[in-house]
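Pasted below: run_15.tsv, TSV, C-alpha atoms and all ligand atoms.
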```tsv
chain	number	residue	atom	x	y	z
Z	821	MET	CA	-17.39	24.68	1.31
Z	822	SER	CA	-14.30	22.49	1.22
Z	823	GLU	CA	-13.80	20.18	-1.75
Z	824	ALA	CA	-14.26	16.44	-1.15
Z	825	ARG	CA	-11.02	14.54	-1.19
Z	826	SER	CA	-11.79	11.01	-2.32
Z	827	ARG	CA	-9.15	9.87	-4.81
Z	828	VAL	CA	-7.08	7.03	-3.38
Z	829	GLU	CA	-4.13	5.35	-5.08
Z	830	LEU	CA	-3.44	1.71	-4.16
Z	831	MET	CA	0.23	0.95	-4.84
Z	832	HIS	CA	1.72	-2.54	-4.74
Z	833	GLY	CA	5.42	-3.17	-5.07
Z	834	VAL	CA	7.77	-5.97	-5.87
Z	835	ASN	CA	6.42	-9.54	-6.11
Z	836	LEU	CA	2.86	-8.60	-5.19
Z	837	ASP	CA	1.87	-9.48	-8.76
Z	838	MET	CA	2.81	-13.05	-7.76
Z	839	LEU	CA	0.00	-13.34	-5.20
Z	840	GLY	CA	-1.66	-16.70	-5.78
Z	841	ARG	CA	1.78	-18.27	-6.27
Z	842	ARG	CA	3.33	-17.14	-2.98
Z	843	ASP	CA	3.41	-18.96	0.36
Z	844	PRO	CA	-0.29	-19.34	1.24
Z	845	SER	CA	0.50	-19.51	4.96
Z	846	HIS	CA	1.49	-15.83	4.76
Z	847	TYR	CA	-0.48	-14.51	1.82
Z	848	GLY	CA	-3.46	-16.81	1.31
Z	849	THR	CA	-4.38	-17.85	-2.21
Z	850	ILE	CA	-5.88	-14.60	-3.51
Z	851	THR	CA	-4.49	-13.12	-6.72
Z	852	LEU	CA	-3.62	-9.43	-7.06
Z	853	ALA	CA	-6.50	-8.91	-9.51
Z	854	GLU	CA	-8.98	-10.35	-7.00
Z	855	LEU	CA	-7.45	-8.37	-4.14
Z	856	GLU	CA	-7.73	-5.15	-6.14
Z	857	ARG	CA	-11.35	-5.99	-6.98
Z	858	GLN	CA	-12.19	-6.49	-3.31
Z	859	VAL	CA	-10.39	-3.33	-2.23
Z	860	ALA	CA	-12.25	-1.36	-4.94
Z	861	GLY	CA	-15.47	-2.63	-3.30
Z	862	PHE	CA	-14.30	-1.47	0.15
Z	863	ALA	CA	-13.47	1.91	-1.37
Z	864	ARG	CA	-16.89	2.21	-3.00
Z	865	ASP	CA	-18.58	1.47	0.34
Z	866	LEU	CA	-16.62	4.38	1.82
Z	867	GLY	CA	-17.40	6.73	-1.07
Z	868	LEU	CA	-13.79	6.65	-2.27
Z	869	GLU	CA	-12.50	6.36	-5.81
Z	870	LEU	CA	-9.69	3.78	-6.13
Z	871	ARG	CA	-6.96	3.57	-8.73
Z	872	CYS	CA	-4.54	0.61	-8.65
Z	873	PHE	CA	-0.87	0.35	-9.61
Z	874	GLN	CA	1.73	-2.43	-9.30
Z	875	THR	CA	5.31	-2.67	-10.46
Z	876	ASN	CA	8.40	-4.77	-9.87
Z	877	SER	CA	10.62	-1.80	-10.76
Z	878	GLU	CA	11.70	0.37	-7.84
Z	879	ALA	CA	12.35	3.25	-10.25
Z	880	GLN	CA	8.79	3.09	-11.57
Z	881	PHE	CA	7.43	2.93	-8.04
Z	882	VAL	CA	9.40	6.05	-7.11
Z	883	GLU	CA	8.31	7.89	-10.27
Z	884	HIS	CA	4.69	6.95	-9.67
Z	885	LEU	CA	4.94	8.50	-6.22
Z	886	HIS	CA	6.44	11.64	-7.76
Z	887	HIS	CA	3.34	12.03	-9.95
Z	888	LEU	CA	0.71	11.43	-7.26
Z	889	PRO	CA	0.15	15.00	-6.08
Z	890	GLY	CA	-2.61	16.42	-8.23
Z	891	SER	CA	-4.03	13.01	-9.20
Z	892	ALA	CA	-4.54	11.37	-5.79
Z	893	ASP	CA	-5.62	12.69	-2.40
Z	894	GLY	CA	-4.21	9.79	-0.45
Z	895	VAL	CA	-2.21	6.62	-0.95
Z	896	LEU	CA	-2.41	3.11	0.41
Z	897	LEU	CA	0.85	1.32	-0.14
Z	898	ASN	CA	2.26	-2.16	0.17
Z	899	PRO	CA	5.78	-1.91	-1.22
Z	900	GLY	CA	6.55	-5.60	-0.48
Z	901	ALA	CA	10.20	-6.23	0.44
Z	902	TRP	CA	11.15	-2.62	-0.45
Z	903	THR	CA	9.32	-1.64	2.74
Z	904	HIS	CA	12.23	-2.93	4.74
Z	905	TYR	CA	15.14	-1.15	3.07
Z	906	SER	CA	14.22	1.30	0.30
Z	907	TRP	CA	15.19	4.76	1.46
Z	908	ALA	CA	14.52	5.87	-2.14
Z	909	ILE	CA	10.84	5.00	-1.65
Z	910	HIS	CA	10.89	6.70	1.76
Z	911	ASP	CA	12.17	9.91	0.16
Z	912	ALA	CA	9.72	9.73	-2.77
Z	913	LEU	CA	6.81	9.30	-0.35
Z	914	GLU	CA	8.05	12.32	1.57
Z	915	ILE	CA	8.15	14.31	-1.69
Z	916	ALA	CA	4.61	13.16	-2.59
Z	917	ALA	CA	3.48	14.64	0.72
Z	918	ILE	CA	-0.04	13.23	0.65
Z	919	PRO	CA	-1.68	11.19	3.44
Z	920	ALA	CA	-0.39	7.61	3.35
Z	921	VAL	CA	-1.22	4.33	5.07
Z	922	GLU	CA	1.05	1.29	4.92
Z	923	VAL	CA	-0.50	-2.15	4.59
Z	924	HIS	CA	0.85	-5.71	4.59
Z	925	LEU	CA	-1.06	-8.92	4.10
Z	926	SER	CA	1.15	-10.91	6.45
Z	927	ASN	CA	2.09	-10.28	10.05
Z	928	VAL	CA	5.53	-8.81	9.33
Z	929	ALA	CA	6.27	-8.38	13.05
Z	930	ALA	CA	6.08	-12.13	13.62
Z	931	ARG	CA	8.27	-13.19	10.70
Z	932	ASP	CA	11.99	-12.73	9.90
Z	933	GLU	CA	13.89	-10.13	11.90
Z	934	TRP	CA	14.54	-8.03	8.77
Z	935	ARG	CA	10.82	-7.69	8.07
Z	936	ARG	CA	10.27	-5.92	11.41
Z	937	VAL	CA	11.80	-2.72	10.04
Z	938	SER	CA	9.68	-0.40	7.90
Z	939	VAL	CA	11.53	2.56	6.44
Z	940	ILE	CA	8.23	4.23	5.47
Z	941	ALA	CA	6.38	3.89	8.80
Z	942	ASP	CA	7.41	7.36	9.99
Z	943	LEU	CA	5.66	8.91	6.96
Z	944	CYS	CA	2.45	6.91	7.32
Z	945	LEU	CA	-0.66	7.71	9.37
Z	946	ALA	CA	-0.93	4.03	10.25
Z	947	SER	CA	0.52	0.62	9.44
Z	948	VAL	CA	-1.84	-2.32	9.13
Z	949	ALA	CA	-0.41	-5.84	8.93
Z	950	GLY	CA	-1.38	-9.46	9.35
Z	951	GLN	CA	-5.05	-9.14	8.47
Z	952	GLY	CA	-4.95	-10.24	4.86
Z	953	VAL	CA	-7.34	-8.44	2.53
Z	954	GLU	CA	-9.44	-7.17	5.47
Z	955	GLY	CA	-6.44	-5.08	6.49
Z	956	TYR	CA	-6.94	-3.02	3.33
Z	957	ARG	CA	-10.43	-2.11	4.52
Z	958	GLU	CA	-9.04	-0.93	7.86
Z	959	ALA	CA	-6.34	1.04	6.06
Z	960	LEU	CA	-8.93	2.70	3.80
Z	961	VAL	CA	-11.10	3.62	6.80
Z	962	ARG	CA	-8.07	5.26	8.44
Z	963	LEU	CA	-7.26	7.14	5.25
Z	964	SER	CA	-10.85	8.24	4.65
Z	965	LYS	CA	-11.03	9.70	8.18
Z	966	GLU	CA	-7.98	11.79	7.35
Z	967	LEU	CA	-9.41	12.89	3.97
Z	968	ASP	CA	-12.78	13.81	5.53
Z	969	GLY	CA	-11.17	15.78	8.32
Z	1001	LIG	C1	4.48	-8.02	2.42
Z	1001	LIG	C2	5.50	-8.38	3.50
Z	1001	LIG	C3	6.91	-8.20	3.00
Z	1001	LIG	O1	7.84	-8.55	4.02
Z	1001	LIG	C4	7.16	-9.11	1.80
Z	1001	LIG	O2	8.46	-8.90	1.31
Z	1001	LIG	C5	6.14	-8.94	0.74
Z	1001	LIG	C6	4.74	-8.78	1.13
Z	1001	LIG	C7	3.04	-8.33	2.89
Z	1001	LIG	O3	2.12	-7.86	2.24
Z	1001	LIG	O4	2.86	-9.06	3.86
Z	1001	LIG	O5	6.42	-9.05	-0.44
Z	1001	LIG	O6	4.56	-6.62	2.17
```
Could you write out this file's structure as structure tokens?
Amino acid sequence: MSEARSRVELMHGVNLDMLGRRDPSHYGTITLAELERQVAGFARDLGLELRCFQTNSEAQFVEHLHHLPGSADGVLLNPGAWTHYSWAIHDALEIAAIPAVEVHLSNVAARDEWRRVSVIADLCLASVAGQGVEGYREALVRLSKELDG
């Protein structure tokens, strides 16, 4: 019998701790604490165990990724602006080598030109954007299918 893989890490990057103070037309009015609470509920519904992490330090984000194997079976990540240029995070995600799904609250494809690039997309099973908090549910469903398979 194969062991259940159900441990999911939710990682938020730079400025996501400022949710609630950011442009509501892109991010709504939800705070990070409330978002994490809702995503934990989505995870519970799917039989997944969620652990949450946020940092404004790129180095800490990278080191957290380094330590994921062994403690998480999959990762949901919203690196914020780092998404668009951090090759260091790309490489750390590659080293982590666990199933990953990228998620963004806003519709990055319909905003500034520079937000259309994601340097982590090639390492992710899927990228979900523009659906607010609901997008995290879709991302978790995608990840759970991978973990079940
Ligand atoms: C974001 C989109 C990024 O372009 C932006 O820099 C963020 C948040 C999102 O969730 O929509 O900080 O990742």
Quiz item: Could you name the residues that touch range 918-924 of chain Z at 6 Å or less, counting only C-alpha atoms, but leaving out those on the same chain fewer than 6 positions away, as a list in words?
Solution: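 The neighbour list is Gly894, Val895, Leu896, Leu897, Asn898, Cys944, Leu945, Ala946, Ser947, Val948 and Ala949 of chain Z.
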Exercise. Output the neighbourhood of ligand LIG 1001 (chain Z) as a PyMOL selection string, that is, all protein and nucleic acid residues with some atom at most 7 Å from the ligand, counting all atoms listed in the file.
Key: chain Z and resi 834-836+846-847+898-901+903+923-928+935+949-950
Selected residues, C-alpha atoms, written as a CSV table (one decimal), in the coordinates of the input, please.
```csv
chain,number,residue,atom,x,y,z
Z,834,VAL,CA,7.8,-6.0,-5.9
Z,835,ASN,CA,6.4,-9.5,-6.1
Z,836,LEU,CA,2.9,-8.6,-5.2
Z,846,HIS,CA,1.5,-15.8,4.8
Z,847,TYR,CA,-0.5,-14.5,1.8
Z,898,ASN,CA,2.3,-2.2,0.2
Z,899,PRO,CA,5.8,-1.9,-1.2
Z,900,GLY,CA,6.6,-5.6,-0.5
Z,901,ALA,CA,10.2,-6.2,0.4
Z,903,THR,CA,9.3,-1.6,2.7
Z,923,VAL,CA,-0.5,-2.2,4.6
Z,924,HIS,CA,0.8,-5.7,4.6
Z,925,LEU,CA,-1.1,-8.9,4.1
Z,926,SER,CA,1.2,-10.9,6.4
Z,927,ASN,CA,2.1,-10.3,10.0
Z,928,VAL,CA,5.5,-8.8,9.3
Z,935,ARG,CA,10.8,-7.7,8.1
Z,949,ALA,CA,-0.4,-5.8,8.9
Z,950,GLY,CA,-1.4,-9.5,9.4
```
Kindly compute an axis-aligned box around the listed atoms of range 842-845 of chain Z, allowing 8 Å on each side, and express its centre and edge lengths in Å to one decimal as lines of an AutoDock Vina configuration file.
```
center_x = 1.6
center_y = -18.3
center_z = 1.0
size_x = 19.7
size_y = 18.4
size_z = 23.9
```
Practice problem: May I ask which of the residues Z:Asp865, Z:Arg931, Z:Val953, Z:Leu870 is the closest one to Thr849 in chain Z, counting only C-alpha atoms? | Solution: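 Among the listed residues, the smallest separation from Thr849 in chain Z belongs to Z:Val953.
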Practice problem: For CA of Ala879 in chain Z and CA of Ala908 in chain Z, determine how far apart the two atoms are, in Å to one decimal place. | Solution: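 Here the two named atoms are 8.8 Å from each other.
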Quiz item: Can you list, as a ChimeraX atom specification, every protein, DNA or RNA residue that comes within 9 Å of Leu866 in chain Z when you count only C-alpha atoms, leaving out same-chain residues fewer than 5 positions away?
Solution: /Z:861,960-961,964
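Among the candidates Z:Gln880, Z:Thr875, Z:Ser938, Z:Ser891, the residue lying nearest to Trp907 in chain Z is Z:Ser938 (atoms considered: only C-alpha atoms).
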Practice problem: Grab the CA of Gln951 in chain Z to CA of Ile850 in chain Z distance for me, in Å with one decimal place. | Solution: 13.2 Å
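With only C-alpha atoms as the atoms that count, the residue of Z:Glu914, Z:Arg962, Z:Tyr956, Z:Leu943 with the shortest distance to Leu855 in chain Z is Z:Tyr956.
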Self-check item: Residues within 12 Å of Ala824 in chain Z, all atoms listed in the file, excluding chain neighbours under 5 positions, as a ChimeraX atom specification
Solution: /Z:867-869,892-893,964-969
Output file for the residues above (C-alpha atoms, as an mmCIF file, keeping the file's coordinate frame):
```cif
data_model
loop_
_atom_site.group_PDB
_atom_site.id
_atom_site.type_symbol
_atom_site.label_atom_id
_atom_site.label_comp_id
_atom_site.auth_asym_id
_atom_site.auth_seq_id
_atom_site.Cartn_x
_atom_site.Cartn_y
_atom_site.Cartn_z
ATOM 1 C CA GLY Z 867 -17.400 6.730 -1.070
ATOM 2 C CA LEU Z 868 -13.790 6.650 -2.270
ATOM 3 C CA GLU Z 869 -12.500 6.360 -5.810
ATOM 4 C CA ALA Z 892 -4.540 11.370 -5.790
ATOM 5 C CA ASP Z 893 -5.620 12.690 -2.400
ATOM 6 C CA SER Z 964 -10.850 8.240 4.650
ATOM 7 C CA LYS Z 965 -11.030 9.700 8.180
ATOM 8 C CA GLU Z 966 -7.980 11.790 7.350
ATOM 9 C CA LEU Z 967 -9.410 12.890 3.970
ATOM 10 C CA ASP Z 968 -12.780 13.810 5.530
ATOM 11 C CA GLY Z 969 -11.170 15.780 8.320
#
```
Self-check item: Between CA of Leu852 in chain Z and CA of Glu829 in chain Z, distance in Å (one decimal)
Solution: 14.9 Å
Quiz item: Given the choices Z:Ala912, Z:Gln874, Z:Leu963, Z:Ile940, which gets closest to Val828 in chain Z if the distance is worked out from all atoms listed in the file?
Solution: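 The answer is Z:Leu963, which sits nearest to Val828 in chain Z.
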Quiz item: Between Z:Glu878, Z:Glu933, Z:Glu883, Z:Glu954, which has the minimum distance to Ser906 in chain Z (counting only C-alpha atoms)?
Solution: Z:Glu878
I need range 848-859 of chain Z from the structure I supplied, saved as a short mmCIF file (atom, residue, chain, number, x, y, z; two decimals), in the first residue's frame with all heavy atoms retained.
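This went into result25.cif:
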```
data_model
loop_
_atom_site.label_atom_id
_atom_site.label_comp_id
_atom_site.auth_asym_id
_atom_site.auth_seq_id
_atom_site.Cartn_x
_atom_site.Cartn_y
_atom_site.Cartn_z
N GLY Z 848 -8.52 42.65 -3.60
CA GLY Z 848 -9.63 42.61 -2.65
C GLY Z 848 -9.20 43.23 -1.32
O GLY Z 848 -8.18 43.94 -1.25
N THR Z 849 -9.94 42.91 -0.27
CA THR Z 849 -9.66 43.54 1.02
C THR Z 849 -9.23 42.51 2.07
O THR Z 849 -8.99 42.84 3.22
CB THR Z 849 -10.92 44.27 1.55
OG1 THR Z 849 -12.00 43.33 1.53
CG2 THR Z 849 -11.28 45.46 0.67
N ILE Z 850 -9.12 41.28 1.65
CA ILE Z 850 -8.78 40.19 2.58
C ILE Z 850 -7.36 40.36 3.13
O ILE Z 850 -6.46 40.81 2.43
CB ILE Z 850 -8.95 38.82 1.87
CG1 ILE Z 850 -8.99 37.68 2.88
CG2 ILE Z 850 -7.88 38.60 0.80
CD1 ILE Z 850 -9.46 36.36 2.27
N THR Z 851 -7.18 40.01 4.39
CA THR Z 851 -5.84 40.02 4.97
C THR Z 851 -5.19 38.64 4.74
O THR Z 851 -5.89 37.66 4.44
CB THR Z 851 -5.88 40.27 6.50
OG1 THR Z 851 -6.62 39.19 7.09
CG2 THR Z 851 -6.52 41.60 6.83
N LEU Z 852 -3.87 38.59 4.93
CA LEU Z 852 -3.19 37.29 4.75
C LEU Z 852 -3.69 36.27 5.77
O LEU Z 852 -3.89 35.09 5.42
CB LEU Z 852 -1.67 37.48 4.85
CG LEU Z 852 -0.87 36.19 4.65
CD1 LEU Z 852 -1.07 35.62 3.24
CD2 LEU Z 852 0.62 36.44 4.91
N ALA Z 853 -3.91 36.72 7.01
CA ALA Z 853 -4.37 35.78 8.05
C ALA Z 853 -5.71 35.16 7.65
O ALA Z 853 -5.92 33.95 7.80
CB ALA Z 853 -4.48 36.49 9.39
N GLU Z 854 -6.60 35.99 7.12
CA GLU Z 854 -7.93 35.49 6.71
C GLU Z 854 -7.80 34.56 5.49
O GLU Z 854 -8.45 33.52 5.40
CB GLU Z 854 -8.85 36.69 6.42
CG GLU Z 854 -10.24 36.33 5.91
CD GLU Z 854 -11.05 35.40 6.82
OE1 GLU Z 854 -10.71 35.24 8.00
OE2 GLU Z 854 -12.02 34.79 6.31
N LEU Z 855 -6.94 34.98 4.57
CA LEU Z 855 -6.71 34.13 3.37
C LEU Z 855 -6.20 32.75 3.80
O LEU Z 855 -6.69 31.72 3.35
CB LEU Z 855 -5.72 34.82 2.43
CG LEU Z 855 -5.42 34.13 1.09
CD1 LEU Z 855 -5.03 35.17 0.05
CD2 LEU Z 855 -4.31 33.12 1.19
N GLU Z 856 -5.21 32.75 4.69
CA GLU Z 856 -4.64 31.48 5.15
C GLU Z 856 -5.69 30.63 5.84
O GLU Z 856 -5.73 29.40 5.70
CB GLU Z 856 -3.45 31.73 6.08
CG GLU Z 856 -2.23 32.26 5.34
CD GLU Z 856 -1.06 32.58 6.26
OE1 GLU Z 856 -1.24 32.70 7.49
OE2 GLU Z 856 0.06 32.74 5.75
N ARG Z 857 -6.57 31.29 6.60
CA ARG Z 857 -7.64 30.57 7.31
C ARG Z 857 -8.58 29.89 6.29
O ARG Z 857 -8.94 28.74 6.43
CB ARG Z 857 -8.42 31.54 8.20
CG ARG Z 857 -9.19 30.90 9.34
CD ARG Z 857 -10.04 31.91 10.08
NE ARG Z 857 -11.05 32.54 9.21
CZ ARG Z 857 -12.16 31.94 8.80
NH1 ARG Z 857 -12.42 30.70 9.18
NH2 ARG Z 857 -13.02 32.57 8.01
N GLN Z 858 -8.92 30.65 5.25
CA GLN Z 858 -9.82 30.09 4.23
C GLN Z 858 -9.16 28.95 3.47
O GLN Z 858 -9.78 27.93 3.18
CB GLN Z 858 -10.27 31.18 3.26
CG GLN Z 858 -11.23 32.17 3.90
CD GLN Z 858 -11.91 33.07 2.85
OE1 GLN Z 858 -12.06 32.72 1.70
NE2 GLN Z 858 -12.33 34.25 3.29
N VAL Z 859 -7.89 29.13 3.14
CA VAL Z 859 -7.19 28.09 2.38
C VAL Z 859 -7.04 26.83 3.26
O VAL Z 859 -7.16 25.71 2.76
CB VAL Z 859 -5.82 28.58 1.84
CG1 VAL Z 859 -5.13 27.48 1.03
CG2 VAL Z 859 -6.00 29.82 0.97
#
```
